[in-house]
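See below for the structure under consideration.
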Amino acid sequence: MQMSTIRIRMLVGFLSLLVAAVAWGDDYHYVNMIIGDRAAGLAGAYTALSDDPAGCFYNPAGIAFAPNLSLSASVNAYNTEKKTYQKVLTGTDGGSRDWEQISSSLLPNFFGVVRKFGDAGMLGLSYAVTDAIQRRQKQYFQNIRTEFADNPADTVMININDSDKTYLFGPSYAYSLSDSLALGATLYAYFRDREIIRNQVIQFNRGQHILINYYETVNDWGARPSLGAIWEPLDKLALGLCMSQVFIFADDTTRHDIYRNTVAAQPMNIDGLAYDFTRSDTLYFKSANTDDKPAMPFTLTLGAAYFISPELLITGDAAWYGQADEKDAVWNLFLGAEYFFRDDMALRCGLHTDHANTPELRSGRTNQPEHIDIYGLSLSYTLYYKMSNITLGVLYGLGKGEAQALNDTAVIQDADIQNLRIYLSASYSN
Amino acid sequence: MKNRCKYLGLVLAVICLLPAAPAFGGEARKRIAHIVDQSDQLADVEAEILFGRELAARILGHYGFCDDPKLNRYVNLVGRAVALHSGRPELTYHFGVLDSEELNAFAAPGGYVFITRAALLKMQNEAQLACVLGHEIAHVTERHVIRELNIRGADGSAVAGIAGLISGATSGTVKSLEQAMDRAAEILFKNGYKIQDEIQADAIGMLMAASAGYDPMALQDFLSREKRFEKEDETYKGDHPAHMVRVEKMNMVLAAGNAIRTKKATLAERFYANVNH
């Protein structure tokens with residue numbers, strides 16, 4: 001996807017306090033939400049398993065191996081994330097100030113049903129939310145240094161409110177070619193709903209001010225077909241493969257910029273027009289509509305699961321995401337283990353990577369996208385009873401990297417991300 | 001794009017070759033929670049009986065009951081003698097004769113067993129009747145329909161309640177009794193049981209009949225006659241395909257035990273005294 005930019009950023013490059021263009025949602029990573037209950041407990045290492053409704057998402061071939069005639073599952077999750085850009089601003093006292101962006105959401109992020117269809121077929125229908133961010137930054141700083149040594153900012157107020165959700169919904173079908181081989185396909189409808197609200201006010205010591213208001217809405221419609229296979233070459237070994245790609249068919253983007261800058265002593269040239277902000281009635285306003293269709297990466301996932309005993313299994317996936325627009329190709333690894341310490345109780349744990357799809361930052365350059373690699377772990381507990389089971393799980397991710405949080409400066413900040421997801425899920429079998 | 005097509009072609013070629021590989025049936029994939037029965041047995045048996053009663057009503061509605069008290073009493077006596085060896089004392093077995101010219105017998109879950117009047121008329125002795133009833137009883141004891149349709153009692157557990165709250169669903173939303181009944185009727189009237197279920201019912205039915213003192217070979221005799229009638233009788237709608245396979249498996253069962261070497265009762269005279277040919 002094309003990295004979104006706040007248009008006004010390019011117009012006022014001389015002032016280094018302005019917020020740099022950051023990714024909305026989390027365009028810099030591909031593992032933003034681990035779907036499913038059992039799958040989430042295994043940290044997403046599910047391509048060779050996929051034998052429940054979550055298989056519709058991970059590898060549709062897997063639902064052919066579902067142990068019941070029909071299964072339904074739903075997952076409700078609370079997600080929270082804190083991203084910190086360290087030492088972004090410098091106070092007049094010489095001390096540094098961090099930026100903190102916090103995101104939280106509570107929503108049902110998966111529902112799926114699979115049901116036997118014919119002698120060797122399995123039909124599925126599922127809904128998944130693969131990205132859900134409600135990010136806020138509401139920080140207020142005083143006495144901040146600017147590039148005007150004799151004119152520091154008395155007040156810097158940053159107000160960010162980003163909402164970005166991606167939904168998938170659609171049918172799946174799996175067919176068993178033999179007892180040990182199945183093929184499957186899912187055709188998801190894709191919908192992304194994004195709203196960006198950013199306000200920034202800088203009040204200078206000499207009475208000038210900069211005001212920025214940016215508002216953007218984006219709706220993308222598309223499809224995400226996926227094709228998968230699962231093969232059990234040995235008694236206790238399953239291998240899985242799944243290919244998928246999101247294709248965007250339609251985009252509707254609206255952007256509103258409002259800008260006023262009384263620091264500039266001379267009229268500013270914006271879009272070929274001179275704006276004299278020394279006049280109290282001058283305001284820059286622009287509204288634009290575009291229909292840029294972002295490119296999404298081709299994804300190939302290979303997985304293996306080893307069923308050590310009816311109580312214990314280990315599983316692993318390697319996922320490759322191809323290059324798309326400005327995004328680099330990237331690998332991610334997922335490892336999981338499941339252990340039934342009683343007939344009706346299971347513990348699952350896992351580890352995964354969530355590498356940034358951006359290049360590492362290089363010194364001397366400006367406006368580079370952040371590069372933060374995240375490493376996550378998962379733990380879940382499932383209680384089975386007759387036709388149902390419930391799962392309580394937690395996913396934790398920690399990432400460290402670098403960013404350029406400020407516009408048009410070559411300064412690179414250390415940045416870190418911590419995310420936590422707590423989910424409660426229920427599953428019915430019949 | 002060209003490279004991607006090449007990789008896709010390679011993947012598809014590998015997938016096409018995979019069916020030739022040995023099959024393991026996904027057994028190792030089953031987790032202990034799927035292997036060990038987590039069910040509430042009392043509620044499940046109640047559900048099985050209720051489901052079977054409804055299905056029995058459908059069978060009776062479809063074929064009609066043979067209004068011959070003497071004949072029904074006789075079939076009940078033979079059936080209950082065999083059912084004593086069924087190993088499921090929690091069930092009460094009911095036997096009935098259907099007023100039909102079709103050559104067939106049916107079992108509904110929970111212990112409801114029917115045989116058509118035409119099938120009775122084709123039999124030669126009581127041992128054949130006992131073996132056929134034993135075969136149908138085995139479908140009940142082994143829960144073939146129940147397992148196929150996964151019929152279980154209502155899940156009133158706290159876990160199920162919490163699960164319902166989380167998902168906004170209840171067990172009723174995922175299981176329709178009407179749908180299950182339609183599928184059960186399809187198994188009985190149209191598609192038949194799986195061949196492995198038939199073979200299992202043959203083996204268990206023969207052993208039950210033998211345990212009750214009847215000649216287990218009688219089932220094979222009757223099946224051979226049934227096969228012959230099938231060719232002659234256009235009304236035949238039997239649900240027992242692959243006779244040769246079944247006969248072969250029966251021979252293996254009989255050879256494995258000593259039943260084949262022990263002379264048991266056939267009781268032809270008593271049979272003819274009760275079944276008016």
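Labeling convention for the structure tokens: chains A, B, ... as they appear, residues from 1 per chain, ligands from 1 in order of appearance.
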
How close does each residue of range 111-155 of chain B get to range 90-99 of chain B, giving the shortest atom pair and distance in Å to one decimal for every residue with an atom at most 7 Å away, counting only C-alpha atoms, sorted by chain and residue number, as CSV?
```
residue,atom,partner,partner_atom,distance
B:Gly111,CA,B:Tyr93,CA,4.4
B:Tyr112,CA,B:His94,CA,5.0
B:Val113,CA,B:Phe95,CA,4.8
B:Phe114,CA,B:Gly96,CA,4.8
B:Ile115,CA,B:Val97,CA,5.1
B:Thr116,CA,B:Leu98,CA,4.5
B:Arg117,CA,B:Asp99,CA,5.7
```

Surrounding residues of range 205-212 of chain B excluding itself and chain neighbours under 4 positions, 6 Å, only C-alpha atoms, as a PyMOL selection string = chain B and resi 82+85+130-131+134-135+138+201+216

With all heavy atoms retained, write the just-selected residues as a PDB file, in the first residue's frame.
```
ATOM      1  N   VAL B  82     -32.726 -62.277  21.860  1.00  0.00           N
ATOM      2  CA  VAL B  82     -31.429 -61.900  21.275  1.00  0.00           C
ATOM      3  C   VAL B  82     -30.895 -60.648  21.970  1.00  0.00           C
ATOM      4  O   VAL B  82     -29.701 -60.556  22.298  1.00  0.00           O
ATOM      5  CB  VAL B  82     -31.572 -61.666  19.746  1.00  0.00           C
ATOM      6  CG1 VAL B  82     -30.250 -61.185  19.155  1.00  0.00           C
ATOM      7  CG2 VAL B  82     -32.034 -62.941  19.049  1.00  0.00           C
ATOM      8  N   HIS B  85     -28.530 -60.233  24.993  1.00  0.00           N
ATOM      9  CA  HIS B  85     -27.077 -60.343  24.847  1.00  0.00           C
ATOM     10  C   HIS B  85     -26.477 -59.120  24.156  1.00  0.00           C
ATOM     11  O   HIS B  85     -25.363 -59.167  23.660  1.00  0.00           O
ATOM     12  CB  HIS B  85     -26.747 -61.615  24.035  1.00  0.00           C
ATOM     13  CG  HIS B  85     -27.349 -62.846  24.629  1.00  0.00           C
ATOM     14  ND1 HIS B  85     -26.743 -63.569  25.634  1.00  0.00           N
ATOM     15  CD2 HIS B  85     -28.550 -63.449  24.396  1.00  0.00           C
ATOM     16  CE1 HIS B  85     -27.524 -64.573  25.982  1.00  0.00           C
ATOM     17  NE2 HIS B  85     -28.638 -64.526  25.244  1.00  0.00           N
ATOM     18  N   ALA B 130     -33.766 -64.522  14.117  1.00  0.00           N
ATOM     19  CA  ALA B 130     -32.934 -64.064  15.236  1.00  0.00           C
ATOM     20  C   ALA B 130     -31.684 -63.349  14.728  1.00  0.00           C
ATOM     21  O   ALA B 130     -31.268 -62.314  15.283  1.00  0.00           O
ATOM     22  CB  ALA B 130     -32.538 -65.259  16.102  1.00  0.00           C
ATOM     23  N   CYS B 131     -31.084 -63.883  13.666  1.00  0.00           N
ATOM     24  CA  CYS B 131     -29.863 -63.252  13.132  1.00  0.00           C
ATOM     25  C   CYS B 131     -30.173 -61.888  12.509  1.00  0.00           C
ATOM     26  O   CYS B 131     -29.404 -60.927  12.687  1.00  0.00           O
ATOM     27  CB  CYS B 131     -29.220 -64.160  12.090  1.00  0.00           C
ATOM     28  SG  CYS B 131     -28.352 -65.550  12.823  1.00  0.00           S
ATOM     29  N   GLY B 134     -30.833 -59.634  15.264  1.00  0.00           N
ATOM     30  CA  GLY B 134     -29.541 -59.374  15.904  1.00  0.00           C
ATOM     31  C   GLY B 134     -28.733 -58.322  15.127  1.00  0.00           C
ATOM     32  O   GLY B 134     -28.127 -57.430  15.710  1.00  0.00           O
ATOM     33  N   HIS B 135     -28.776 -58.456  13.812  1.00  0.00           N
ATOM     34  CA  HIS B 135     -28.089 -57.485  12.953  1.00  0.00           C
ATOM     35  C   HIS B 135     -28.644 -56.069  13.191  1.00  0.00           C
ATOM     36  O   HIS B 135     -27.880 -55.105  13.347  1.00  0.00           O
ATOM     37  CB  HIS B 135     -28.282 -57.902  11.485  1.00  0.00           C
ATOM     38  CG  HIS B 135     -27.780 -56.911  10.487  1.00  0.00           C
ATOM     39  ND1 HIS B 135     -26.549 -57.016   9.870  1.00  0.00           N
ATOM     40  CD2 HIS B 135     -28.356 -55.783   9.986  1.00  0.00           C
ATOM     41  CE1 HIS B 135     -26.387 -55.997   9.045  1.00  0.00           C
ATOM     42  NE2 HIS B 135     -27.474 -55.241   9.090  1.00  0.00           N
ATOM     43  N   ALA B 138     -27.694 -54.709  16.519  1.00  0.00           N
ATOM     44  CA  ALA B 138     -26.299 -54.252  16.532  1.00  0.00           C
ATOM     45  C   ALA B 138     -26.179 -52.816  16.009  1.00  0.00           C
ATOM     46  O   ALA B 138     -25.333 -52.041  16.475  1.00  0.00           O
ATOM     47  CB  ALA B 138     -25.428 -55.184  15.700  1.00  0.00           C
ATOM     48  N   ALA B 201     -22.315 -54.837  12.054  1.00  0.00           N
ATOM     49  CA  ALA B 201     -23.630 -55.309  12.523  1.00  0.00           C
ATOM     50  C   ALA B 201     -23.797 -56.801  12.233  1.00  0.00           C
ATOM     51  O   ALA B 201     -24.400 -57.539  13.034  1.00  0.00           O
ATOM     52  CB  ALA B 201     -24.736 -54.497  11.850  1.00  0.00           C
ATOM     53  N   PRO B 216     -25.654 -69.220  14.023  1.00  0.00           N
ATOM     54  CA  PRO B 216     -25.243 -67.942  13.405  1.00  0.00           C
ATOM     55  C   PRO B 216     -25.123 -68.030  11.887  1.00  0.00           C
ATOM     56  O   PRO B 216     -25.153 -67.004  11.204  1.00  0.00           O
ATOM     57  CB  PRO B 216     -23.885 -67.661  14.055  1.00  0.00           C
ATOM     58  CG  PRO B 216     -23.376 -68.991  14.483  1.00  0.00           C
ATOM     59  CD  PRO B 216     -24.570 -69.815  14.834  1.00  0.00           C
TER      60      PRO B 216
END
```

At most 12 Å is the cut-off: for each residue in range 115-153 of chain A with any atom that close to an atom of range 44-55 of chain A, write down the nearest atom pair and the distance in Å rounded to one decimal, counting only C-alpha atoms, chain first then increasing number, as CSV.
```
residue,atom,partner,partner_atom,distance
A:Arg115,CA,A:Pro53,CA,9.3
A:Lys116,CA,A:Asp52,CA,11.9
A:Met122,CA,A:Pro53,CA,10.5
A:Leu123,CA,A:Pro53,CA,9.8
A:Gly124,CA,A:Pro53,CA,6.9
A:Leu125,CA,A:Pro53,CA,7.9
A:Ser126,CA,A:Pro53,CA,7.1
A:Tyr127,CA,A:Ala54,CA,9.4
A:Ala128,CA,A:Ala54,CA,8.9
A:Val129,CA,A:Ala54,CA,12.0
```

Would you give me, as a VMD selection string, the residues of chain A that come within 9 Å of chain B, using only C-alpha atoms?
-> chain A and resid 49 65 67 to 76 108 111 177 to 181 183 229 231 to 238 241 306 to 313 340 342 to 346 383 to 390 424 to 430

So that I can check the surroundings of Pro294 in chain A, please list as a PDB file with N, CA, C and O atoms, in the first residue's frame every protein, DNA and RNA residue that reaches within 9 Å of it, counting only C-alpha atoms and ignoring chain neighbours fewer than 2 positions away.
```
ATOM      1  N   MET A   1       0.838  -1.199   0.000  1.00  0.00           N
ATOM      2  CA  MET A   1       0.000   0.000   0.000  1.00  0.00           C
ATOM      3  C   MET A   1       0.868   1.241   0.000  1.00  0.00           C
ATOM      4  O   MET A   1       1.904   1.289   0.651  1.00  0.00           O
ATOM      5  N   GLN A   2       0.437   2.218  -0.716  1.00  0.00           N
ATOM      6  CA  GLN A   2       1.163   3.483  -0.713  1.00  0.00           C
ATOM      7  C   GLN A   2       1.121   4.073   0.684  1.00  0.00           C
ATOM      8  O   GLN A   2       0.062   4.145   1.311  1.00  0.00           O
ATOM      9  N   ASP A 220     -11.557   0.760   1.226  1.00  0.00           N
ATOM     10  CA  ASP A 220     -11.062  -0.117   0.164  1.00  0.00           C
ATOM     11  C   ASP A 220     -11.949  -1.353   0.099  1.00  0.00           C
ATOM     12  O   ASP A 220     -12.264  -1.951   1.141  1.00  0.00           O
ATOM     13  N   PHE A 247      -6.619  -8.455  -3.392  1.00  0.00           N
ATOM     14  CA  PHE A 247      -6.722  -7.599  -4.582  1.00  0.00           C
ATOM     15  C   PHE A 247      -7.732  -6.504  -4.279  1.00  0.00           C
ATOM     16  O   PHE A 247      -8.876  -6.802  -3.904  1.00  0.00           O
ATOM     17  N   ILE A 248      -7.307  -5.265  -4.435  1.00  0.00           N
ATOM     18  CA  ILE A 248      -8.213  -4.137  -4.189  1.00  0.00           C
ATOM     19  C   ILE A 248      -8.881  -3.750  -5.507  1.00  0.00           C
ATOM     20  O   ILE A 248      -8.199  -3.438  -6.490  1.00  0.00           O
ATOM     21  N   ASP A 251     -11.394   1.921  -4.438  1.00  0.00           N
ATOM     22  CA  ASP A 251     -10.891   2.723  -3.317  1.00  0.00           C
ATOM     23  C   ASP A 251     -11.618   4.060  -3.329  1.00  0.00           C
ATOM     24  O   ASP A 251     -11.884   4.626  -4.387  1.00  0.00           O
ATOM     25  N   ASP A 292      -6.842   5.786  -5.440  1.00  0.00           N
ATOM     26  CA  ASP A 292      -5.625   4.974  -5.603  1.00  0.00           C
ATOM     27  C   ASP A 292      -5.874   3.579  -5.041  1.00  0.00           C
ATOM     28  O   ASP A 292      -6.265   3.439  -3.890  1.00  0.00           O
ATOM     29  N   MET A 296      -1.236  -5.176  -2.772  1.00  0.00           N
ATOM     30  CA  MET A 296      -1.016  -5.984  -1.576  1.00  0.00           C
ATOM     31  C   MET A 296      -0.122  -7.161  -1.943  1.00  0.00           C
ATOM     32  O   MET A 296      -0.127  -7.620  -3.087  1.00  0.00           O
ATOM     33  N   ALA A 324       5.443  -5.332  -2.440  1.00  0.00           N
ATOM     34  CA  ALA A 324       4.245  -4.675  -2.973  1.00  0.00           C
ATOM     35  C   ALA A 324       4.365  -3.179  -2.749  1.00  0.00           C
ATOM     36  O   ALA A 324       4.557  -2.729  -1.617  1.00  0.00           O
ATOM     37  N   ASP A 325       4.254  -2.428  -3.828  1.00  0.00           N
ATOM     38  CA  ASP A 325       4.474  -0.983  -3.760  1.00  0.00           C
ATOM     39  C   ASP A 325       5.787  -0.685  -3.035  1.00  0.00           C
ATOM     40  O   ASP A 325       6.808  -1.237  -3.390  1.00  0.00           O
TER      41      ASP A 325
END
```

From the set A:Leu227, A:Ala132, A:Leu283, A:Ile212, which residue has the shortest atom-to-atom contact distance to Asp193 in chain A, counting only C-alpha atoms?
->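 Smallest distance to Asp193 in chain A is found for A:Ala132.
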
Looking only at the backbone, which of the residues in range 175-331 of chain A does DSSP tag as strand (DSSP E), as an NGL selection string?
-> :A and (175-178 or 181-204 or 209-234 or 237-245 or 247-261 or 268-270 or 273-275 or 284-290 or 298-307 or 312-321 or 330-331)

Could you jot down the CA of Ala56 in chain B to CA of Ala184 in chain B separation for me, Å, one decimal place?
->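 Atom-to-atom, CA of Ala56 in chain B and CA of Ala184 in chain B are spaced 10.6 Å apart.
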
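Take CA of Leu77 in chain B and CA of Leu120 in chain B: the distance between them is 14.6 Å.
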